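Novice: Structure file upload-v4.cif (mmCIF, C-alpha atoms) is given on the next line.
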data_run
loop_
_atom_site.label_atom_id
_atom_site.label_comp_id
_atom_site.auth_asym_id
_atom_site.auth_seq_id
_atom_site.Cartn_x
_atom_site.Cartn_y
_atom_site.Cartn_z
CA MET A 1 7.56 -2.67 10.32
CA SER A 2 4.04 -3.81 11.20
CA LEU A 3 5.21 -4.80 14.67
CA MET A 4 6.30 -1.23 15.30
CA LEU A 5 2.83 -0.06 14.23
CA VAL A 6 1.13 -2.59 16.53
CA TRP A 7 3.25 -1.43 19.43
CA GLY A 8 2.77 2.28 18.76
CA ALA A 9 -0.95 2.27 17.99
CA ARG A 10 -1.83 -0.50 20.46
CA THR A 11 -4.13 -2.02 17.89
CA PRO A 12 -4.00 -5.08 15.59
CA VAL A 13 -2.57 -4.45 12.14
CA VAL A 14 -3.86 -6.15 8.99
CA ARG A 15 -0.91 -6.71 6.66
CA ILE A 16 -1.83 -6.40 2.98
CA ALA A 17 0.94 -6.78 0.42
CA ARG A 18 0.71 -5.24 -3.00
CA MET A 19 2.12 -8.25 -4.82
CA ALA A 20 1.28 -11.46 -6.67
CA GLY A 21 -0.83 -9.85 -9.38
CA GLN A 22 0.21 -6.20 -9.67
CA TYR A 23 1.75 -6.49 -13.12
CA ALA A 24 -0.42 -3.97 -14.96
CA LYS A 25 0.24 -0.25 -15.12
CA PRO A 26 -2.41 2.39 -15.83
CA ARG A 27 -1.23 4.96 -18.34
CA SER A 28 -2.57 8.38 -19.27
CA SER A 29 -1.75 7.84 -22.94
CA PRO A 30 -1.75 4.62 -25.01
CA THR A 31 1.38 5.72 -26.88
CA GLU A 32 4.58 7.67 -26.33
CA THR A 33 7.04 9.24 -28.78
CA ILE A 34 10.75 8.47 -28.43
CA ASP A 35 13.31 10.00 -30.82
CA GLY A 36 10.49 10.95 -33.15
CA VAL A 37 9.01 7.43 -33.28
CA GLU A 38 5.64 6.57 -31.73
CA TYR A 39 5.52 3.39 -29.61
CA PRO A 40 2.79 1.75 -27.52
CA SER A 41 3.20 2.78 -23.89
CA PHE A 42 4.60 0.28 -21.42
CA ARG A 43 1.50 -1.06 -19.64
CA GLY A 44 3.09 -3.55 -17.29
CA ASP A 45 4.77 -6.92 -17.68
CA ASN A 46 1.51 -8.79 -18.18
CA VAL A 47 0.78 -6.72 -21.30
CA ASN A 48 4.09 -5.80 -22.94
CA GLY A 49 7.76 -5.20 -22.17
CA MET A 50 9.76 -2.13 -21.25
CA PRO A 51 12.28 -2.49 -24.14
CA LEU A 52 11.00 -0.76 -27.24
CA GLU A 53 11.17 -3.97 -29.27
CA ASP A 54 8.78 -5.61 -26.76
CA ARG A 55 6.06 -2.97 -26.77
CA LYS A 56 3.58 -5.02 -28.80
CA PRO A 57 0.92 -6.47 -26.42
CA ASP A 58 1.32 -10.24 -26.02
CA PRO A 59 -1.56 -12.34 -24.55
CA GLN A 60 0.95 -15.01 -23.44
CA ARG A 61 2.17 -12.52 -20.83
CA LEU A 62 -1.12 -13.01 -18.95
CA LEU A 63 -0.18 -16.66 -18.39
CA GLY A 64 3.24 -15.55 -17.21
CA ALA A 65 1.61 -13.14 -14.77
CA TYR A 66 -0.50 -15.97 -13.34
CA PHE A 67 2.56 -18.19 -12.94
CA HIS A 68 4.57 -15.48 -11.18
CA SER A 69 1.62 -14.62 -8.93
CA ALA A 70 1.26 -18.24 -7.81
CA ALA A 71 5.02 -18.59 -7.32
CA THR A 72 5.16 -15.41 -5.27
CA ILE A 73 2.32 -16.48 -2.96
CA ASN A 74 3.92 -19.89 -2.43
CA TYR A 75 7.25 -18.24 -1.61
CA VAL A 76 5.61 -15.92 0.93
CA ARG A 77 3.85 -18.91 2.51
CA SER A 78 7.16 -20.72 2.87
CA LEU A 79 8.74 -17.69 4.52
CA LEU A 80 5.92 -17.27 7.02
CA ASN A 81 6.01 -20.99 7.87
CA SER A 82 9.76 -20.89 8.47
CA ALA A 83 9.69 -18.39 11.35
CA PHE A 84 10.65 -15.49 9.08
CA ALA A 85 8.41 -13.24 11.21
CA ASN A 86 9.58 -14.69 14.55
CA LEU A 87 9.78 -11.96 17.22
CA HIS A 88 12.59 -13.68 19.10
CA HIS A 89 15.35 -12.13 17.01
CA PRO A 90 16.36 -8.75 18.45
CA GLU A 91 19.38 -8.67 16.16
CA ASN A 92 16.96 -7.73 13.37
CA TRP A 93 16.43 -4.34 15.02
CA ASN A 94 19.54 -2.73 13.55
CA LEU A 95 19.59 1.08 13.56
CA ASP A 96 23.07 1.61 12.14
CA TYR A 97 21.58 3.16 9.02
CA VAL A 98 20.19 6.17 10.93
CA VAL A 99 22.44 9.18 10.28
CA SER A 100 21.06 11.63 12.86
CA PRO A 101 22.09 10.80 16.46
CA GLN A 102 18.92 12.47 17.79
CA VAL A 103 16.64 10.41 15.54
CA LYS A 104 18.57 7.24 16.32
CA GLU A 105 18.15 7.82 20.05
CA VAL A 106 14.37 8.17 19.72
CA TYR A 107 14.13 5.02 17.56
CA GLN A 108 16.34 3.07 19.95
CA GLN A 109 14.12 3.99 22.90
CA MET A 110 11.13 2.48 21.07
CA VAL A 111 13.02 -0.71 20.23
CA ASN A 112 14.28 -1.09 23.80
CA GLN A 113 10.78 -0.75 25.21
CA MET A 114 9.48 -3.47 22.88
CA LEU A 115 12.36 -5.80 23.69
CA ASP A 116 11.76 -5.23 27.41
CA ALA A 117 8.12 -6.21 26.87
CA PHE A 118 9.21 -9.45 25.15
CA ASP A 119 11.56 -10.25 28.04
CA PHE A 120 8.76 -9.65 30.54
CA MET A 121 6.42 -11.98 28.63
CA LYS A 122 9.09 -14.68 28.63
CA THR A 123 9.72 -14.24 32.37
CA ILE A 124 6.07 -14.70 33.35
CA GLY A 125 5.53 -17.61 30.97
CA ALA A 126 3.33 -15.73 28.51
CA ASP A 127 5.78 -16.55 25.72
CA GLN A 128 4.73 -20.12 24.96
CA PRO A 129 5.77 -22.23 21.96
CA GLU A 130 2.15 -22.80 20.95
CA GLN A 131 1.54 -19.06 20.54
CA ALA A 132 1.69 -18.70 16.77
CA SER A 133 1.26 -14.92 16.96
CA LEU A 134 4.85 -14.62 18.22
CA LYS A 135 6.31 -16.65 15.38
CA THR A 136 4.32 -15.83 12.28
CA VAL A 137 1.78 -13.37 10.88
CA ASP A 138 -1.18 -13.35 8.54
CA MET A 139 -0.48 -11.65 5.24
CA PHE A 140 -3.01 -10.92 2.52
CA MET A 141 -2.40 -10.20 -1.16
CA SER A 142 -3.75 -7.27 -3.17
CA HIS A 143 -3.46 -5.45 -6.48
CA GLU A 144 -5.31 -2.96 -8.64
CA GLY A 145 -8.06 -4.63 -10.66
CA LEU A 146 -7.04 -2.97 -13.91
CA LEU A 147 -7.19 -5.67 -16.59
CA LEU A 148 -10.74 -6.95 -16.35
CA GLU A 149 -10.11 -9.79 -18.81
CA TYR A 150 -7.53 -11.19 -16.39
CA GLU A 151 -9.66 -10.63 -13.27
CA GLN A 152 -12.76 -12.19 -14.80
CA ARG A 153 -10.96 -15.45 -15.51
CA LEU A 154 -10.04 -15.70 -11.81
CA THR A 155 -13.57 -15.02 -10.56
CA ARG A 156 -15.50 -18.00 -9.22
CA SER A 157 -18.92 -18.60 -7.68
CA VAL A 158 -19.19 -19.95 -4.14
CA ILE A 159 -22.37 -21.25 -2.52
CA LYS A 160 -22.70 -19.84 0.99
CA ASN A 161 -25.84 -20.30 3.11
CA GLY A 162 -27.69 -21.32 -0.01
CA GLN A 163 -26.70 -18.13 -1.84
CA LYS A 164 -24.48 -17.97 -4.91
CA LEU A 165 -21.74 -15.42 -4.31
CA TRP A 166 -18.86 -14.36 -6.56
CA TYR A 167 -15.27 -13.97 -5.39
CA ASN A 168 -12.07 -13.00 -7.18
CA LEU A 169 -9.84 -15.90 -6.14
CA GLY A 170 -6.74 -14.40 -7.73
CA THR A 171 -6.20 -12.19 -4.70
CA HIS A 172 -7.71 -11.30 -1.35
CA TYR A 173 -8.21 -7.58 -1.91
CA LEU A 174 -8.70 -5.57 -5.10
CA TRP A 175 -8.92 -1.85 -5.63
CA ILE A 176 -10.23 0.48 -8.33
CA GLY A 177 -7.76 3.05 -9.58
CA ASP A 178 -8.38 6.77 -9.74
CA ARG A 179 -8.57 6.57 -13.54
CA THR A 180 -11.19 3.77 -13.69
CA ARG A 181 -13.80 4.65 -11.03
CA GLN A 182 -16.47 6.09 -13.37
CA LEU A 183 -19.96 5.35 -12.03
CA ASN A 184 -21.12 3.87 -15.34
CA GLY A 185 -17.77 2.25 -16.18
CA ALA A 186 -16.89 -1.41 -16.59
CA HIS A 187 -14.62 -1.52 -13.54
CA VAL A 188 -17.31 -0.34 -11.11
CA GLU A 189 -19.74 -2.78 -12.71
CA TYR A 190 -17.31 -5.67 -12.14
CA PHE A 191 -16.40 -4.65 -8.58
CA ARG A 192 -20.02 -4.33 -7.46
CA GLY A 193 -20.53 -8.02 -8.20
CA ILE A 194 -17.70 -9.53 -6.11
CA ARG A 195 -17.70 -10.21 -2.38
CA ASN A 196 -14.01 -9.49 -1.79
CA PRO A 197 -13.18 -6.47 0.34
CA ILE A 198 -12.37 -3.72 -2.14
CA GLY A 199 -10.63 -0.38 -2.25
CA VAL A 200 -11.21 2.80 -4.24
CA LYS A 201 -8.52 5.35 -4.95
CA VAL A 202 -9.77 8.87 -4.19
CA GLY A 203 -7.85 11.80 -5.63
CA PRO A 204 -8.32 15.53 -6.26
CA SER A 205 -10.41 14.83 -9.36
CA MET A 206 -13.17 13.12 -7.36
CA THR A 207 -15.91 15.48 -6.27
CA PRO A 208 -17.62 14.95 -2.88
CA GLN A 209 -20.90 14.52 -4.76
CA GLU A 210 -19.56 11.40 -6.50
CA LEU A 211 -18.69 9.50 -3.33
CA GLY A 212 -22.21 8.74 -2.11
CA PRO A 213 -23.49 7.27 -5.40
CA LEU A 214 -20.26 5.30 -5.85
CA LEU A 215 -20.56 3.75 -2.39
CA ASP A 216 -24.24 2.97 -3.02
CA ILE A 217 -23.19 0.88 -6.02
CA LEU A 218 -20.23 -0.89 -4.38
CA ASP A 219 -21.73 -1.33 -0.90
CA PRO A 220 -25.53 -1.63 -1.27
CA ASP A 221 -25.83 -3.60 2.00
CA PHE A 222 -23.92 -1.01 4.07
CA GLU A 223 -21.40 -3.61 5.21
CA PRO A 224 -18.85 -2.08 7.63
CA GLY A 225 -15.37 -2.26 6.15
CA LYS A 226 -16.50 -3.61 2.77
CA VAL A 227 -14.99 -0.57 1.04
CA THR A 228 -11.70 1.13 1.81
CA LEU A 229 -11.27 4.66 0.49
CA ILE A 230 -7.59 5.16 -0.36
CA THR A 231 -6.93 8.89 -0.53
CA ARG A 232 -4.05 10.27 -2.61
CA TYR A 233 -3.87 14.01 -3.06
CA GLY A 234 -0.33 15.29 -2.54
CA HIS A 235 0.98 17.06 0.53
CA THR A 236 -0.02 20.51 -0.76
CA LYS A 237 -3.58 19.50 -1.71
CA ILE A 238 -4.80 17.20 1.04
CA ARG A 239 -6.40 19.96 3.13
CA ASP A 240 -8.21 21.23 0.04
CA HIS A 241 -9.97 17.91 -0.60
CA LEU A 242 -9.95 15.41 2.28
CA PRO A 243 -12.29 17.31 4.67
CA ALA A 244 -15.04 17.52 2.04
CA HIS A 245 -14.66 13.84 1.17
CA ILE A 246 -14.91 12.83 4.83
CA ARG A 247 -18.05 14.94 5.33
CA ALA A 248 -19.60 13.45 2.17
CA VAL A 249 -19.20 9.91 3.54
CA GLN A 250 -20.38 10.93 7.01
CA ALA A 251 -23.61 12.10 5.39
CA THR A 252 -24.31 8.51 4.23
CA ARG A 253 -24.94 5.22 6.04
CA HIS A 254 -21.73 3.67 4.73
CA LYS A 255 -19.01 2.64 7.20
CA VAL A 256 -15.81 2.75 5.18
CA VAL A 257 -12.18 2.25 6.12
CA TRP A 258 -10.09 5.34 5.42
CA CYS A 259 -6.56 4.74 4.15
CA CYS A 260 -3.93 7.34 3.21
CA ASP A 261 -1.76 6.81 0.15
CA PRO A 262 0.95 9.47 0.60
CA MET A 263 2.98 8.16 -2.33
CA HIS A 264 1.21 8.76 -5.63
CA GLY A 265 0.34 12.41 -5.13
CA ASN A 266 3.93 13.25 -4.26
CA THR A 267 5.80 12.02 -7.32
CA GLN A 268 8.18 14.51 -8.92
CA SER A 269 10.84 14.48 -11.61
CA THR A 270 14.48 15.46 -11.28
CA LYS A 271 16.34 17.62 -13.78
CA SER A 272 17.70 14.44 -15.34
CA GLY A 273 14.18 13.05 -15.79
CA LEU A 274 14.14 10.45 -13.01
CA LYS A 275 10.87 10.05 -11.13
CA THR A 276 11.32 10.31 -7.38
CA ARG A 277 9.50 11.11 -4.16
CA ASN A 278 10.50 13.25 -1.21
CA PHE A 279 10.28 11.51 2.17
CA ASP A 280 9.31 14.75 3.90
CA HIS A 281 6.41 15.26 1.48
CA ILE A 282 5.24 11.69 2.10
CA MET A 283 5.28 12.19 5.87
CA SER A 284 3.61 15.60 5.52
CA GLU A 285 0.59 14.13 3.72
CA LEU A 286 0.38 11.20 6.12
CA THR A 287 0.57 13.47 9.18
CA SER A 288 -2.05 15.81 7.73
CA ALA A 289 -4.36 12.84 7.14
CA PHE A 290 -4.12 11.84 10.81
CA GLU A 291 -4.83 15.41 11.90
CA ILE A 292 -7.76 16.02 9.55
CA HIS A 293 -9.51 12.78 10.49
CA LYS A 294 -9.11 13.64 14.17
CA GLU A 295 -10.49 17.14 13.61
CA LEU A 296 -13.60 15.74 11.88
CA ASN A 297 -14.23 12.92 14.38
CA SER A 298 -13.18 10.37 11.80
CA ARG A 299 -10.43 7.76 11.90
CA LEU A 300 -7.56 7.04 9.58
CA GLY A 301 -7.42 3.26 9.47
CA GLY A 302 -4.44 2.53 7.24
CA ALA A 303 -1.51 3.63 5.11
CA HIS A 304 -0.79 2.56 1.55
CA LEU A 305 2.96 2.60 0.87
CA GLU A 306 5.12 1.56 -2.06
CA LEU A 307 8.27 0.03 -0.62
CA THR A 308 10.87 -2.67 -1.00
CA GLY A 309 13.23 -4.44 1.36
CA ASP A 310 16.08 -3.83 -1.08
CA PRO A 311 18.58 -0.95 -0.65
CA VAL A 312 17.29 0.97 -3.65
CA THR A 313 17.84 4.71 -4.07
CA GLU A 314 14.57 5.90 -5.61
CA ALA A 315 13.15 8.31 -3.00
CA ILE A 316 15.09 11.15 -1.44
CA GLY A 317 15.27 11.97 2.27
CA GLY A 318 14.67 9.85 5.34
CA SER A 319 17.08 9.11 8.17
CA THR A 320 19.78 8.04 5.70
CA ASN A 321 19.56 11.54 4.19
CA LEU A 322 19.45 10.39 0.56
CA LYS A 323 19.92 13.28 -1.86
CA GLU A 324 18.95 13.73 -5.48
CA SER A 325 22.55 13.05 -6.45
CA ASP A 326 22.30 9.61 -4.78
CA LEU A 327 19.39 8.35 -6.91
CA SER A 328 21.59 6.93 -9.66
CA LYS A 329 23.45 4.65 -7.20
CA ASN A 330 20.75 1.97 -7.20
CA TYR A 331 17.70 3.18 -9.11
CA GLN A 332 15.86 0.00 -10.15
CA THR A 333 12.20 0.76 -10.80
CA PHE A 334 10.58 0.81 -14.24
CA CYS A 335 7.40 2.30 -12.78
CA ASP A 336 7.04 4.33 -9.59
CA PRO A 337 9.83 5.14 -7.10
CA ARG A 338 9.72 3.16 -3.85
CA LEU A 339 10.86 3.63 -0.30
CA ASN A 340 13.78 1.39 0.61
CA TYR A 341 13.96 -0.68 3.81
CA ASP A 342 15.45 2.12 5.91
CA GLN A 343 12.92 4.72 4.73
CA SER A 344 10.06 2.27 5.28
CA MET A 345 11.13 1.73 8.86
CA ASP A 346 11.34 5.52 9.27
CA VAL A 347 7.64 5.72 8.37
CA ALA A 348 6.80 3.01 10.92
CA TYR A 349 8.80 4.72 13.67
CA LYS A 350 7.17 8.07 12.98
CA ILE A 351 3.65 6.63 12.99
CA ALA A 352 4.43 4.86 16.26
CA ALA A 353 5.77 8.14 17.64
CA TYR A 354 2.54 9.87 16.63
CA PHE A 355 0.44 7.40 18.61
CA THR A 356 2.73 7.21 21.62
CA GLN A 357 3.30 10.98 21.68
CA ALA A 358 7.04 10.41 21.59
CA PRO A 359 9.31 13.46 21.23
CA LYS A 360 9.27 14.95 17.77
CA THR A 361 12.26 13.84 15.72
CA PRO A 362 14.21 16.50 13.79
#
What is this file in structure tokens?
Specialist:
Amino acid sequence: MSLMLVWGARTPVVRIARMAGQYAKPRSSPTETIDGVEYPSFRGDNVNGMPLEDRKPDPQRLLGAYFHSAATINYVRSLLNSAFANLHHPENWNLDYVVSPQVKEVYQQMVNQMLDAFDFMKTIGADQPEQASLKTVDMFMSHEGLLLEYEQRLTRSVIKNGQKLWYNLGTHYLWIGDRTRQLNGAHVEYFRGIRNPIGVKVGPSMTPQELGPLLDILDPDFEPGKVTLITRYGHTKIRDHLPAHIRAVQATRHKVVWCCDPMHGNTQSTKSGLKTRNFDHIMSELTSAFEIHKELNSRLGGAHLELTGDPVTEAIGGSTNLKESDLSKNYQTFCDPRLNYDQSMDVAYKIAAYFTQAPKTP
């Protein structure tokens, strides 16, 4: 997926995985009522369990979260060291899942061009065994810094150039959620003290007037790229909010990275009560973000997606043409609906097409 983005945008891609620590779930209410009985809300596996009998918070789950985080990172390391990301396997570019012949043709053209480029590199001797970039990738871990008690225990001081600096060593990259970004709140206070690169979710509830003071707290040294603003509005609201937020940042000295989260603002419920997302709505918000940034002489620097490599049926649409009636076939999530492998690749192909000005797919 990231390779397609590198090829389309002709720019390096930083791969940040939302894993190895994302076991907490922000909730709007601490309780929920089921069959007339009030229960604590499910707040993620490092707090309590999804079954009603497991809803009591259990501190031992924090130790379990640490164990699973470490195990996950070690597993990813082993994959990357075993040529899992090796580019010399064209058989991995399988487009049989694409239903539309027109879409499949466009995707296949992109794949063929990349494979031709690899063949050319091999012919001229540019494909050498010592070139690690052709066999592996760098991958960084991230999660929302929601449970401060957990994050604080993983924060350590490091002496650098004679200065004592604080880093969260439980992950590479942390972000503040849309519910916990209050200027005088505990989360902003914690985040301002760490040297990790950090993100801030920006939704419709954030006023443009809040952005400047928030950045002043989190980025007092005006460090380029220190803060990533992750926007999440919904495909019908992005043009109502994003332009004002961009202008508010442009009026400051801060050099942020802009990232579009087209997932969280586009969650909807089916008649049966399942949470889902519409692929077309996701792509609509992402496309609008590209356009708005270009119109305002800004730059969209990233996309924040919730996805899995498994063949789940949690989001409708995409080149496999999943319908609402298909969701029950393999609906696995306890939290938010994810794109499956095929839908994730659809996003990558469409972003690449945007940059390469490829023909519009139906």
Novice: Could you please determine the separation between CA of Asn81 in chain A and CA of Ile351 in chain A in Å, to one decimal place?
Specialist: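 Going from CA of Asn81 in chain A over to CA of Ile351 in chain A, I get 28.2 Å.
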Novice: What do you get, as number ranges by chain, if you spell out every residue that the PyMOL selection byres ((chain A and resi 156-171) around 7) selects here?
Specialist: A: 141-142, 151, 154-155, 172-173, 193-196
Novice: Taking the file as I've supplied it (selection: the PyMOL selection byres ((chain A and resi 16) around 6)), which residues are included? Please answer as a PyMOL selection string.
Specialist: chain A and resi 15+17+139-141
Novice: Taking the file above as input, evaluate the PyMOL selection byres ((chain A and resi 234) around 7) and report the hits as a PyMOL selection string.
Specialist: chain A and resi 232-233+235-238+262+265-266+285
Novice: Go through range 110-212 of chain A residue by residue and, counting all atoms listed in the file, keep those with an atom at most 12 Å from range 42-57 of chain A; for each kept residue give the shortest atom pair and its distance in Å to one decimal, ordered by chain and increasing number, as JSON lines.
Specialist:
{"residue": "A:Leu146", "atom": "CA", "partner": "A:Arg43", "partner_atom": "CA", "distance": 10.5}
{"residue": "A:Leu147", "atom": "CA", "partner": "A:Val47", "partner_atom": "CA", "distance": 9.3}
{"residue": "A:Glu149", "atom": "CA", "partner": "A:Val47", "partner_atom": "CA", "distance": 11.6}
{"residue": "A:Tyr150", "atom": "CA", "partner": "A:Asn46", "partner_atom": "CA", "distance": 9.5}
Novice: Report the distance between CA of Ile198 in chain A and CA of Leu80 in chain A in Å, rounded to one decimal place.
Specialist: 24.5 Å
Novice: Pick out the residues sitting within 9 Å of range 174-182 of chain A, and hand them over as a ChimeraX atom specification; count all atoms listed in the file, and ignore anything fewer than 5 positions along from it in its own chain.
Specialist: /A:26-28,141-146,168,187-188,191,196-203,205-206,214,228,230
Novice: Pick from A:Ala289, A:Ile282, A:Leu215, A:Leu300: nearest to Trp258 in chain A, with only C-alpha atoms counted?
Specialist: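 The closest residue to Trp258 in chain A is A:Leu300.
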Novice: Which is closest to Arg253 in chain A among A:Gly302, A:Gly309, A:Gly212, A:Gly8, if we use all atoms listed in the file?
Specialist: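 Nearest to Arg253 in chain A: A:Gly212.
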Novice: Could I get the residues of range 224-324 of chain A with an atom no further than 12 Å from an atom of range 100-105 of chain A, each paired with its nearest atom pair and that distance in Å to one decimal, using all atoms listed in the file, sorted by chain and residue number, as a Markdown table?
Specialist:
| residue | atom | partner | partner_atom | distance |
| --- | --- | --- | --- | --- |
| A:Gly318 | CA | A:Ser100 | CA | 10.0 |
| A:Ser319 | CA | A:Ser100 | CA | 6.6 |
| A:Thr320 | CA | A:Ser100 | CA | 8.1 |
| A:Asn321 | CA | A:Ser100 | CA | 8.8 |
Novice: Could you work out how far CA of Ser69 in chain A lies from CA of Ser2 in chain A, giving the answer in Å with one decimal?
Specialist: 23.0 Å
Novice: Smallest atom-to-atom distance to Arg10 in chain A: which of A:Met114, A:Glu306, A:Leu62, A:Asp280, using all atoms listed in the file?
Specialist: A:Met114
Novice: Build an axis-aligned box that encloses every atom of range 78-82 of chain A listed in the file, pad it by 3 Å on each side, and report its centre and edge lengths in Å to one decimal, as AutoDock Vina command-line options.
Specialist:
--center_x 7.8 --center_y -19.1 --center_z 5.7 --size_x 9.8 --size_y 9.7 --size_z 11.6
Novice: Counting only C-alpha atoms, which residue out of A:Gly273, A:His264, A:Glu223, A:Thr207 sits closest to His241 in chain A?
Specialist: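 Checking each candidate against His241 in chain A, we get A:Thr207 as the closest.
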Novice: If we count all atoms listed in the file, what is near Asp216 in chain A at a cut-off of 10 Å, once residues fewer than 4 positions away on the same chain are taken out, given as an MDAnalysis selection string?
Specialist: chainID A and resid 192 211:212 220:222 252:254
Novice: Have a look at A:Leu305, A:Glu291, A:Val249, A:Val137 and name the one nearest to Ser82 in chain A; count only C-alpha atoms.
Specialist: A:Val137
